[in-house]
Amino acid sequence: MSEPQLGLVQELSSDVKHRQRMTAEFRKFIDGLKEGKFLATECKSCGKKFMPPRFTCPCGGKDLEWFEVNPEGTLYTWSIVHFAPEGIAKKTNVPYAVGVIEFEDNLLLTGHIKGLTSKPKVGMKVKIEPQELDTGDLAYFIKPA
Amino acid sequence: MAIPKVAIVGIGHSKYGKRGKLINEDIEGEKATYPAVTIRELAHESYFPALEHAGITNNDIKASVIGIAAEAFAGQGAAAALIADEVGIIGKPTMRVETACATGSTAIRTAWAQIASGQFDVMAAIGVETMTWVSTAYATELMSVAGDHRWEYPYGISFPTFYSLYAARKMAVDGLTRDQLSAVSVKSHYYGYYNKLAHLRRKVSIEDANQAVPIALPLRLYDCCLISDGAATVILANEEKAKEMSSDPLWITGLGCSSDTMRVTDRPNLTNLGGSVRAAEMAYKQSGRSPKDIDVAYVHDCFSVAEVMAYEDLGFCERGQGGKWAEERGPYIDGPGVPVNVDGGLKSKGHPLGATGIGQVVDAYKQVFGTAEKERQVPDAKVALCHNVGQHGQFVNVFILEP
Ligand SMILES: [Zn+2]
């Protein structure tokens, strides 16, 4: 097998997407993406911030406030996947790159990395970008900044 | 604080491997044949030798706990009922437990608790899994859906990918190298070669491991454990029964357990597993032992980087030095530190999920009583440690075992 080519990430298949059961709160996160915003939540009881957003807090708090996260950050870690789980493999070509972006306040988010022109590097400047897919669905990708 | 006295009094361990087909093994002229089997026969293969080893019959077994991580692998619902029935533990309480890859040790912990509480005096913990019936893509799927289904799985985070996220981070933060990861796999395969019950008895070199096909970079083929079929059983007994039935009881003197966040991004770092640190601390405290007292250790090496983290999390070397310790032959029998995974580990012996944690204890028993193959026997081993991890630290059990 040859060494990986980078930036081959494709959109998620619909049967994977449907596992993300929609709720009113999750809808708000998706709507945020539509406006180009990355929304996280903060618990009003204990002050903890959550990205990805949580809609209930492990402290028992149910009152969480939305706030917008600066989409720029650094690459916390990465992987280039050569063998995909069956549900992903149906629509996504391997290899694909995934990573974790670190935003301010040490908030971390997992996602696909798109647009790599060289091997990913921990600490490199990256940003997270919403994207409307051909299907009209929304996704987000980690991209070199 | 000492915990109630419960001992391992019987052990049984099937051959691990691709057990759906006949296996003809020929290692240095030593031939062995293993028939094609299903979870039913695998359970037999580990259970009855354990019963015989304990010198008892099914009448003495008061209850059972069955470890099966994913029923979808075998396609059998309510699998505990099937396994208990197959081995003749009928009309007595049974249950299936599941904590992903730590299922086996959780079966032991569950049986331990039922004995320690005084409810039963003698029990069987049976772990069994058949994983090679399904395609590799489907096996990958079954293990990947254990990631957060909203925030992790949809991004194609397969199980190896989780650990590759740790590996890439550990390389950047701790200076872990490709050669160091390979050194772990080379050791596992070296010892696995001499273990007759191991799945893949083949020695590999640093070069083999460095150049193997990528699975989820930075991890390559030899960084990843095997997908195996297999079964393992231990018979547990309370103090009175253990002393009565066994001349060689192996006492569980420490039984630590912990958990961690569901999402990898909620961890304080990706260079160690907090669950392992906490479980080990508990086990050391209960047993009054420390890392320097351990003569032989079994750590959860689902991936090479997981073994490196375990060296550090269990206190066998300094934090951040696990890779270096592997390279300096720390975990070898003739090395300067604690011998680790002298059964071949998950990497070479194999990783039939529900059996793995029990299989570790079975081999620890052999080491402590000096009955392992001579090439991989630790001289005068007395205190053993077993470390079994589910997912990437969401479930962890650490046992300390002593004669
Ligand atoms: Zn809170």
# chains A, B, ... in the order shown; residues from 1 in each chain; ligands from 1
>>> residues_around(residues="Leu82 in chain B", least_positions_apart="6", cutoff="10 Å", atoms="only C-alpha atoms", output="list of chain:residue names")
B:Ile39, B:Arg40, B:Ile66, B:Gln76, B:Gly88
>>> write_last_selection(atoms="N, CA, C and O atoms", output="short mmCIF file (atom, residue, chain, number, x, y, z; two decimals), in the first residue's frame")
data_model
loop_
_atom_site.label_atom_id
_atom_site.label_comp_id
_atom_site.auth_asym_id
_atom_site.auth_seq_id
_atom_site.Cartn_x
_atom_site.Cartn_y
_atom_site.Cartn_z
N ILE B 39 -18.69 -20.20 19.77
CA ILE B 39 -18.61 -19.78 21.19
C ILE B 39 -18.95 -20.93 22.13
O ILE B 39 -18.45 -20.98 23.24
N ARG B 40 -19.77 -21.87 21.67
CA ARG B 40 -20.16 -23.00 22.54
C ARG B 40 -18.94 -23.84 22.90
O ARG B 40 -18.65 -24.08 24.06
N ILE B 66 -20.72 -14.19 32.92
CA ILE B 66 -20.23 -14.42 31.57
C ILE B 66 -19.83 -13.08 30.95
O ILE B 66 -20.62 -12.14 30.92
N GLN B 76 -25.65 -13.82 18.85
CA GLN B 76 -26.45 -14.54 19.85
C GLN B 76 -26.90 -13.57 20.94
O GLN B 76 -26.07 -13.05 21.67
N GLY B 88 -23.15 -26.45 31.46
CA GLY B 88 -23.87 -27.19 32.50
C GLY B 88 -24.04 -26.48 33.83
O GLY B 88 -24.30 -27.12 34.84
#
>>> closest_atom_pairs(of="chain A", to="ligand 1", cutoff="9 Å", atoms="only C-alpha atoms and all ligand atoms", output="JSON lines")
{"residue": "A:Glu42", "atom": "CA", "partner": "ligand 1", "partner_atom_place_in_ligand_line": "1 (Zn)", "distance": 7.8}
{"residue": "A:Cys43", "atom": "CA", "partner": "ligand 1", "partner_atom_place_in_ligand_line": "1 (Zn)", "distance": 4.6}
{"residue": "A:Lys44", "atom": "CA", "partner": "ligand 1", "partner_atom_place_in_ligand_line": "1 (Zn)", "distance": 6.6}
{"residue": "A:Ser45", "atom": "CA", "partner": "ligand 1", "partner_atom_place_in_ligand_line": "1 (Zn)", "distance": 5.0}
{"residue": "A:Cys46", "atom": "CA", "partner": "ligand 1", "partner_atom_place_in_ligand_line": "1 (Zn)", "distance": 4.0}
{"residue": "A:Gly47", "atom": "CA", "partner": "ligand 1", "partner_atom_place_in_ligand_line": "1 (Zn)", "distance": 6.1}
{"residue": "A:Lys48", "atom": "CA", "partner": "ligand 1", "partner_atom_place_in_ligand_line": "1 (Zn)", "distance": 5.8}
{"residue": "A:Lys49", "atom": "CA", "partner": "ligand 1", "partner_atom_place_in_ligand_line": "1 (Zn)", "distance": 8.5}
{"residue": "A:Thr56", "atom": "CA", "partner": "ligand 1", "partner_atom_place_in_ligand_line": "1 (Zn)", "distance": 7.9}
{"residue": "A:Cys57", "atom": "CA", "partner": "ligand 1", "partner_atom_place_in_ligand_line": "1 (Zn)", "distance": 4.6}
{"residue": "A:Pro58", "atom": "CA", "partner": "ligand 1", "partner_atom_place_in_ligand_line": "1 (Zn)", "distance": 6.1}
{"residue": "A:Cys59", "atom": "CA", "partner": "ligand 1", "partner_atom_place_in_ligand_line": "1 (Zn)", "distance": 4.3}
{"residue": "A:Gly60", "atom": "CA", "partner": "ligand 1", "partner_atom_place_in_ligand_line": "1 (Zn)", "distance": 6.3}
{"residue": "A:Gly61", "atom": "CA", "partner": "ligand 1", "partner_atom_place_in_ligand_line": "1 (Zn)", "distance": 4.9}
{"residue": "A:Lys62", "atom": "CA", "partner": "ligand 1", "partner_atom_place_in_ligand_line": "1 (Zn)", "distance": 7.9}
{"residue": "A:Asp63", "atom": "CA", "partner": "ligand 1", "partner_atom_place_in_ligand_line": "1 (Zn)", "distance": 8.3}
{"residue": "A:Leu64", "atom": "CA", "partner": "ligand 1", "partner_atom_place_in_ligand_line": "1 (Zn)", "distance": 8.0}
>>> residues_around(residues="Pro379 in chain B", least_positions_apart="2", cutoff="10 Å", atoms="only C-alpha atoms", output="list in words")
Asp295, Val296, Ile333, Asp334, Gln367, Val368, Gly370, Lys374, Arg376, Gln377, Ala381 and Lys382 of chain B
>>> closest_atom_pairs(of="chain A", to="chain B", cutoff="6 Å", atoms="only C-alpha atoms", output="tab-separated table")
residue	atom	partner	partner_atom	distance
A:Gln20	CA	B:Arg150	CA	5.0
A:Thr77	CA	B:Arg169	CA	5.3
A:Trp78	CA	B:Leu165	CA	5.5
A:Ser79	CA	B:Leu217	CA	5.4
A:Ile80	CA	B:Leu217	CA	4.9
A:Val81	CA	B:Ala216	CA	4.2
A:His82	CA	B:Ile215	CA	5.1
A:Phe83	CA	B:Ile215	CA	5.9
A:Pro85	CA	B:Glu141	CA	4.3
A:Glu86	CA	B:Ala137	CA	4.8
A:Ile88	CA	B:Gly156	CA	6.0
A:Leu108	CA	B:Thr265	CA	5.4
A:Gly111	CA	B:Tyr155	CA	5.7
A:His112	CA	B:Tyr155	CA	5.9
>>> closest_residue(among="B:Glu327, B:Asp229, B:Asp148, B:Asp343", to="Tyr16 in chain B", atoms="only C-alpha atoms")
B:Asp229
>>> select_by_dssp(residues="range 2-142 of chain A", states="strand (DSSP E or B)", output="PyMOL selection string")
chain A and resi 39-43+49-50+64-68+72-81+96-102+108-113+125-132+138-142
>>> closest_residue(among="B:Ala100, B:Leu226, B:Ile56, B:Ala32", to="His189 in chain B", atoms="only C-alpha atoms")
B:Leu226
>>> atom_distance(atom1="CA of Asn93 in chain A", atom2="CA of Tyr76 in chain A")
23.8 Å
>>> select_by_dssp(residues="range 17-111 of chain A", states="alpha helix (DSSP H)", output="list in words")
Lys17, Ala24, Glu25, Phe26, Arg27, Lys28, Phe29, Ile30, Asp31, Gly32, Leu33, Lys34, Glu86, Gly87, Ile88 and Ala89 of chain A
>>> write_last_selection(atoms="N, CA and C atoms", output="PDB file, in the first residue's frame")
ATOM      1  N   LYS A  17     -25.258  10.053   9.115  1.00  0.00           N
ATOM      2  CA  LYS A  17     -25.765  11.322   9.635  1.00  0.00           C
ATOM      3  C   LYS A  17     -27.019  11.130  10.504  1.00  0.00           C
ATOM      4  N   ALA A  24     -34.160  19.934  19.707  1.00  0.00           N
ATOM      5  CA  ALA A  24     -34.230  21.388  19.564  1.00  0.00           C
ATOM      6  C   ALA A  24     -32.866  22.026  19.814  1.00  0.00           C
ATOM      7  N   GLU A  25     -32.158  21.499  20.812  1.00  0.00           N
ATOM      8  CA  GLU A  25     -30.850  22.091  21.153  1.00  0.00           C
ATOM      9  C   GLU A  25     -29.826  21.823  20.062  1.00  0.00           C
ATOM     10  N   PHE A  26     -29.840  20.598  19.540  1.00  0.00           N
ATOM     11  CA  PHE A  26     -28.878  20.249  18.497  1.00  0.00           C
ATOM     12  C   PHE A  26     -29.184  21.066  17.235  1.00  0.00           C
ATOM     13  N   ARG A  27     -30.484  21.291  16.990  1.00  0.00           N
ATOM     14  CA  ARG A  27     -30.937  22.119  15.862  1.00  0.00           C
ATOM     15  C   ARG A  27     -30.282  23.498  15.935  1.00  0.00           C
ATOM     16  N   LYS A  28     -30.193  24.019  17.157  1.00  0.00           N
ATOM     17  CA  LYS A  28     -29.637  25.356  17.338  1.00  0.00           C
ATOM     18  C   LYS A  28     -28.154  25.376  16.939  1.00  0.00           C
ATOM     19  N   PHE A  29     -27.460  24.297  17.262  1.00  0.00           N
ATOM     20  CA  PHE A  29     -26.056  24.197  16.875  1.00  0.00           C
ATOM     21  C   PHE A  29     -25.938  24.186  15.350  1.00  0.00           C
ATOM     22  N   ILE A  30     -26.806  23.402  14.696  1.00  0.00           N
ATOM     23  CA  ILE A  30     -26.798  23.306  13.231  1.00  0.00           C
ATOM     24  C   ILE A  30     -27.164  24.660  12.608  1.00  0.00           C
ATOM     25  N   ASP A  31     -28.177  25.311  13.182  1.00  0.00           N
ATOM     26  CA  ASP A  31     -28.573  26.631  12.682  1.00  0.00           C
ATOM     27  C   ASP A  31     -27.417  27.612  12.804  1.00  0.00           C
ATOM     28  N   GLY A  32     -26.652  27.467  13.860  1.00  0.00           N
ATOM     29  CA  GLY A  32     -25.466  28.316  14.041  1.00  0.00           C
ATOM     30  C   GLY A  32     -24.494  28.130  12.882  1.00  0.00           C
ATOM     31  N   LEU A  33     -24.300  26.869  12.502  1.00  0.00           N
ATOM     32  CA  LEU A  33     -23.388  26.566  11.395  1.00  0.00           C
ATOM     33  C   LEU A  33     -23.850  27.272  10.121  1.00  0.00           C
ATOM     34  N   LYS A  34     -25.171  27.297   9.930  1.00  0.00           N
ATOM     35  CA  LYS A  34     -25.754  27.915   8.733  1.00  0.00           C
ATOM     36  C   LYS A  34     -25.364  29.388   8.644  1.00  0.00           C
ATOM     37  N   GLU A  86     -17.354   0.254   8.704  1.00  0.00           N
ATOM     38  CA  GLU A  86     -18.226  -0.058   7.571  1.00  0.00           C
ATOM     39  C   GLU A  86     -19.211   1.071   7.241  1.00  0.00           C
ATOM     40  N   GLY A  87     -19.842   1.620   8.278  1.00  0.00           N
ATOM     41  CA  GLY A  87     -20.842   2.668   8.065  1.00  0.00           C
ATOM     42  C   GLY A  87     -20.267   3.923   7.430  1.00  0.00           C
ATOM     43  N   ILE A  88     -18.991   4.193   7.678  1.00  0.00           N
ATOM     44  CA  ILE A  88     -18.319   5.356   7.121  1.00  0.00           C
ATOM     45  C   ILE A  88     -17.784   5.018   5.731  1.00  0.00           C
ATOM     46  N   ALA A  89     -17.300   3.785   5.605  1.00  0.00           N
ATOM     47  CA  ALA A  89     -16.615   3.378   4.381  1.00  0.00           C
ATOM     48  C   ALA A  89     -17.519   3.424   3.154  1.00  0.00           C
TER      49      ALA A  89
END
>>> residues_around(residues="Gln394 in chain B", least_positions_apart="2", cutoff="9 Å", atoms="only C-alpha atoms", output="MDAnalysis selection string")
chainID B and resid 99:100 258:262 275 389:392 396
>>> residues_around(residues="Ser228 in chain B", least_positions_apart="6", cutoff="6 Å", atoms="only C-alpha atoms", output="PyMOL selection string")
chain B and resi 17-18+131+350-352
>>> residues_around(residues="Ile142 in chain A", least_positions_apart="3", cutoff="10 Å", atoms="only C-alpha atoms", output="list in words")
Pro71, Glu72, Gly73, Thr74, Leu75, Ala97, Val98, Gly99, Val100, Ile101, Leu109, Thr110, Gly111, His112, Ile113, Lys114, Gly115, Leu116, Val126, Lys127, Ile128, Glu129, Pro130 and Ala145 of chain A
>>> write_last_selection(atoms="N, CA, C and O atoms", output="short mmCIF file (atom, residue, chain, number, x, y, z; two decimals), in the first residue's frame")
data_model
loop_
_atom_site.label_atom_id
_atom_site.label_comp_id
_atom_site.auth_asym_id
_atom_site.auth_seq_id
_atom_site.Cartn_x
_atom_site.Cartn_y
_atom_site.Cartn_z
N PRO A 71 -13.42 30.61 15.74
CA PRO A 71 -13.17 29.38 14.97
C PRO A 71 -11.69 29.08 14.71
O PRO A 71 -11.37 28.06 14.12
N GLU A 72 -10.81 29.96 15.14
CA GLU A 72 -9.39 29.70 14.89
C GLU A 72 -8.74 29.04 16.09
O GLU A 72 -9.07 29.35 17.24
N GLY A 73 -7.84 28.14 15.81
CA GLY A 73 -7.16 27.45 16.90
C GLY A 73 -5.92 26.72 16.41
O GLY A 73 -5.38 27.05 15.34
N THR A 74 -5.50 25.74 17.16
CA THR A 74 -4.33 24.97 16.76
C THR A 74 -4.71 23.49 16.72
O THR A 74 -5.67 23.07 17.36
N LEU A 75 -3.92 22.73 15.96
CA LEU A 75 -4.20 21.30 15.85
C LEU A 75 -3.62 20.60 17.08
O LEU A 75 -2.42 20.64 17.33
N ALA A 97 -8.21 12.24 6.78
CA ALA A 97 -7.53 12.76 7.97
C ALA A 97 -8.55 13.25 8.98
O ALA A 97 -9.55 13.88 8.61
N VAL A 98 -8.35 12.92 10.22
CA VAL A 98 -9.17 13.48 11.30
C VAL A 98 -8.25 14.13 12.31
O VAL A 98 -7.05 13.84 12.36
N GLY A 99 -8.81 15.02 13.07
CA GLY A 99 -7.99 15.70 14.05
C GLY A 99 -8.82 16.30 15.16
O GLY A 99 -10.05 16.19 15.16
N VAL A 100 -8.11 16.90 16.09
CA VAL A 100 -8.75 17.62 17.19
C VAL A 100 -8.23 19.05 17.14
O VAL A 100 -7.02 19.27 17.11
N ILE A 101 -9.17 20.00 17.08
CA ILE A 101 -8.78 21.41 17.09
C ILE A 101 -8.92 21.94 18.51
O ILE A 101 -9.88 21.60 19.22
N LEU A 109 -12.37 20.03 19.89
CA LEU A 109 -13.42 19.45 19.06
C LEU A 109 -12.79 18.51 18.02
O LEU A 109 -11.78 18.83 17.41
N THR A 110 -13.43 17.36 17.84
CA THR A 110 -12.98 16.36 16.87
C THR A 110 -13.63 16.63 15.51
O THR A 110 -14.81 17.00 15.46
N GLY A 111 -12.91 16.44 14.43
CA GLY A 111 -13.52 16.58 13.12
C GLY A 111 -12.61 16.06 12.02
O GLY A 111 -11.48 15.65 12.26
N HIS A 112 -13.17 16.06 10.80
CA HIS A 112 -12.35 15.76 9.62
C HIS A 112 -11.41 16.93 9.36
O HIS A 112 -11.79 18.07 9.58
N ILE A 113 -10.21 16.62 8.85
CA ILE A 113 -9.32 17.69 8.41
C ILE A 113 -9.39 17.71 6.88
O ILE A 113 -9.27 16.67 6.23
N LYS A 114 -9.60 18.87 6.32
CA LYS A 114 -9.68 19.04 4.87
C LYS A 114 -8.62 20.03 4.41
O LYS A 114 -8.23 20.90 5.18
N GLY A 115 -8.19 19.90 3.18
CA GLY A 115 -7.31 20.90 2.59
C GLY A 115 -5.87 20.84 3.05
O GLY A 115 -5.15 21.83 2.97
N LEU A 116 -5.45 19.68 3.51
CA LEU A 116 -4.05 19.54 3.92
C LEU A 116 -3.16 19.48 2.68
O LEU A 116 -3.48 18.79 1.72
N VAL A 126 -4.89 26.07 12.66
CA VAL A 126 -6.03 25.56 11.91
C VAL A 126 -7.28 26.37 12.29
O VAL A 126 -7.27 27.12 13.26
N LYS A 127 -8.30 26.21 11.49
CA LYS A 127 -9.58 26.84 11.82
C LYS A 127 -10.68 25.83 11.54
O LYS A 127 -10.46 24.85 10.82
N ILE A 128 -11.83 26.10 12.11
CA ILE A 128 -12.94 25.22 11.84
C ILE A 128 -13.90 25.98 10.94
O ILE A 128 -14.11 27.17 11.11
N GLU A 129 -14.42 25.29 9.91
CA GLU A 129 -15.22 25.98 8.92
C GLU A 129 -16.50 25.22 8.63
O GLU A 129 -16.44 24.03 8.30
N PRO A 130 -17.62 25.88 8.75
CA PRO A 130 -18.88 25.22 8.37
C PRO A 130 -18.96 25.10 6.86
O PRO A 130 -18.38 25.92 6.14
N ALA A 145 -5.17 27.05 8.67
CA ALA A 145 -5.57 28.47 8.71
C ALA A 145 -4.71 29.28 7.74
O ALA A 145 -3.57 28.93 7.50
#
>>> atom_distance(atom1="CA of Leu107 in chain A", atom2="CA of Pro144 in chain A")
17.9 Å
>>> residues_around(residues="Glu28 in chain B", least_positions_apart="4", cutoff="12 Å", atoms="only C-alpha atoms", output="list in words")
Ala32, Tyr193, Tyr194, Lys196, Arg201 and Arg202 of chain B
>>> decode(residues="range 79-90 of chain A", atoms="all heavy atoms", output="mmCIF file, in the first residue's frame")
data_model
loop_
_atom_site.group_PDB
_atom_site.id
_atom_site.type_symbol
_atom_site.label_atom_id
_atom_site.label_comp_id
_atom_site.auth_asym_id
_atom_site.auth_seq_id
_atom_site.Cartn_x
_atom_site.Cartn_y
_atom_site.Cartn_z
ATOM 1 N N SER A 79 -4.879 12.132 13.019
ATOM 2 C CA SER A 79 -4.701 10.747 12.561
ATOM 3 C C SER A 79 -5.063 10.678 11.082
ATOM 4 O O SER A 79 -5.919 11.431 10.611
ATOM 5 C CB SER A 79 -5.612 9.798 13.342
ATOM 6 O OG SER A 79 -5.561 8.495 12.793
ATOM 7 N N ILE A 80 -4.414 9.791 10.367
ATOM 8 C CA ILE A 80 -4.801 9.538 8.978
ATOM 9 C C ILE A 80 -5.308 8.111 8.895
ATOM 10 O O ILE A 80 -4.566 7.153 9.124
ATOM 11 C CB ILE A 80 -3.628 9.796 8.012
ATOM 12 C CG1 ILE A 80 -3.257 11.284 8.103
ATOM 13 C CG2 ILE A 80 -4.030 9.433 6.584
ATOM 14 C CD1 ILE A 80 -1.951 11.618 7.460
ATOM 15 N N VAL A 81 -6.600 8.002 8.626
ATOM 16 C CA VAL A 81 -7.302 6.723 8.744
ATOM 17 C C VAL A 81 -7.282 5.976 7.410
ATOM 18 O O VAL A 81 -7.713 6.511 6.388
ATOM 19 C CB VAL A 81 -8.761 6.960 9.210
ATOM 20 C CG1 VAL A 81 -9.474 5.634 9.433
ATOM 21 C CG2 VAL A 81 -8.790 7.809 10.480
ATOM 22 N N HIS A 82 -6.789 4.756 7.442
ATOM 23 C CA HIS A 82 -6.698 3.940 6.235
ATOM 24 C C HIS A 82 -7.743 2.839 6.154
ATOM 25 O O HIS A 82 -7.956 2.273 5.101
ATOM 26 C CB HIS A 82 -5.295 3.331 6.109
ATOM 27 C CG HIS A 82 -4.271 4.330 5.674
ATOM 28 N ND1 HIS A 82 -3.716 4.332 4.431
ATOM 29 C CD2 HIS A 82 -3.732 5.382 6.331
ATOM 30 C CE1 HIS A 82 -2.860 5.331 4.318
ATOM 31 N NE2 HIS A 82 -2.847 5.982 5.468
ATOM 32 N N PHE A 83 -8.328 2.508 7.320
ATOM 33 C CA PHE A 83 -9.392 1.507 7.337
ATOM 34 C C PHE A 83 -10.595 2.090 8.066
ATOM 35 O O PHE A 83 -10.529 2.316 9.262
ATOM 36 C CB PHE A 83 -8.921 0.208 8.005
ATOM 37 C CG PHE A 83 -7.926 -0.538 7.170
ATOM 38 C CD1 PHE A 83 -6.563 -0.294 7.311
ATOM 39 C CD2 PHE A 83 -8.346 -1.457 6.227
ATOM 40 C CE1 PHE A 83 -5.634 -0.963 6.524
ATOM 41 C CE2 PHE A 83 -7.429 -2.137 5.434
ATOM 42 C CZ PHE A 83 -6.066 -1.885 5.576
ATOM 43 N N ALA A 84 -11.660 2.347 7.316
ATOM 44 C CA ALA A 84 -12.827 3.014 7.896
ATOM 45 C C ALA A 84 -13.815 1.992 8.435
ATOM 46 O O ALA A 84 -13.921 0.883 7.902
ATOM 47 C CB ALA A 84 -13.496 3.880 6.850
ATOM 48 N N PRO A 85 -14.562 2.376 9.469
ATOM 49 C CA PRO A 85 -15.668 1.517 9.899
ATOM 50 C C PRO A 85 -16.652 1.371 8.743
ATOM 51 O O PRO A 85 -16.782 2.276 7.917
ATOM 52 C CB PRO A 85 -16.311 2.311 11.037
ATOM 53 C CG PRO A 85 -15.328 3.360 11.430
ATOM 54 C CD PRO A 85 -14.460 3.613 10.246
ATOM 55 N N GLU A 86 -17.354 0.254 8.704
ATOM 56 C CA GLU A 86 -18.226 -0.058 7.571
ATOM 57 C C GLU A 86 -19.211 1.071 7.241
ATOM 58 O O GLU A 86 -19.388 1.437 6.086
ATOM 59 C CB GLU A 86 -19.003 -1.343 7.865
ATOM 60 C CG GLU A 86 -19.655 -1.941 6.648
ATOM 61 C CD GLU A 86 -20.270 -3.297 6.966
ATOM 62 O OE1 GLU A 86 -21.292 -3.331 7.675
ATOM 63 O OE2 GLU A 86 -19.703 -4.307 6.517
ATOM 64 N N GLY A 87 -19.842 1.620 8.278
ATOM 65 C CA GLY A 87 -20.842 2.668 8.065
ATOM 66 C C GLY A 87 -20.267 3.923 7.430
ATOM 67 O O GLY A 87 -20.951 4.661 6.734
ATOM 68 N N ILE A 88 -18.991 4.193 7.678
ATOM 69 C CA ILE A 88 -18.319 5.356 7.121
ATOM 70 C C ILE A 88 -17.784 5.018 5.731
ATOM 71 O O ILE A 88 -17.821 5.833 4.806
ATOM 72 C CB ILE A 88 -17.132 5.768 8.030
ATOM 73 C CG1 ILE A 88 -17.609 6.077 9.448
ATOM 74 C CG2 ILE A 88 -16.350 6.929 7.424
ATOM 75 C CD1 ILE A 88 -18.314 7.369 9.640
ATOM 76 N N ALA A 89 -17.300 3.785 5.605
ATOM 77 C CA ALA A 89 -16.615 3.378 4.381
ATOM 78 C C ALA A 89 -17.519 3.424 3.154
ATOM 79 O O ALA A 89 -17.053 3.588 2.031
ATOM 80 C CB ALA A 89 -16.058 1.960 4.547
ATOM 81 N N LYS A 90 -18.852 3.326 3.377
ATOM 82 C CA LYS A 90 -19.780 3.332 2.257
ATOM 83 C C LYS A 90 -19.655 4.587 1.401
ATOM 84 O O LYS A 90 -19.889 4.549 0.215
ATOM 85 C CB LYS A 90 -21.214 3.206 2.776
ATOM 86 C CG LYS A 90 -21.578 1.798 3.219
ATOM 87 C CD LYS A 90 -22.973 1.759 3.810
ATOM 88 C CE LYS A 90 -23.234 0.404 4.455
ATOM 89 N NZ LYS A 90 -24.362 0.457 5.377
#
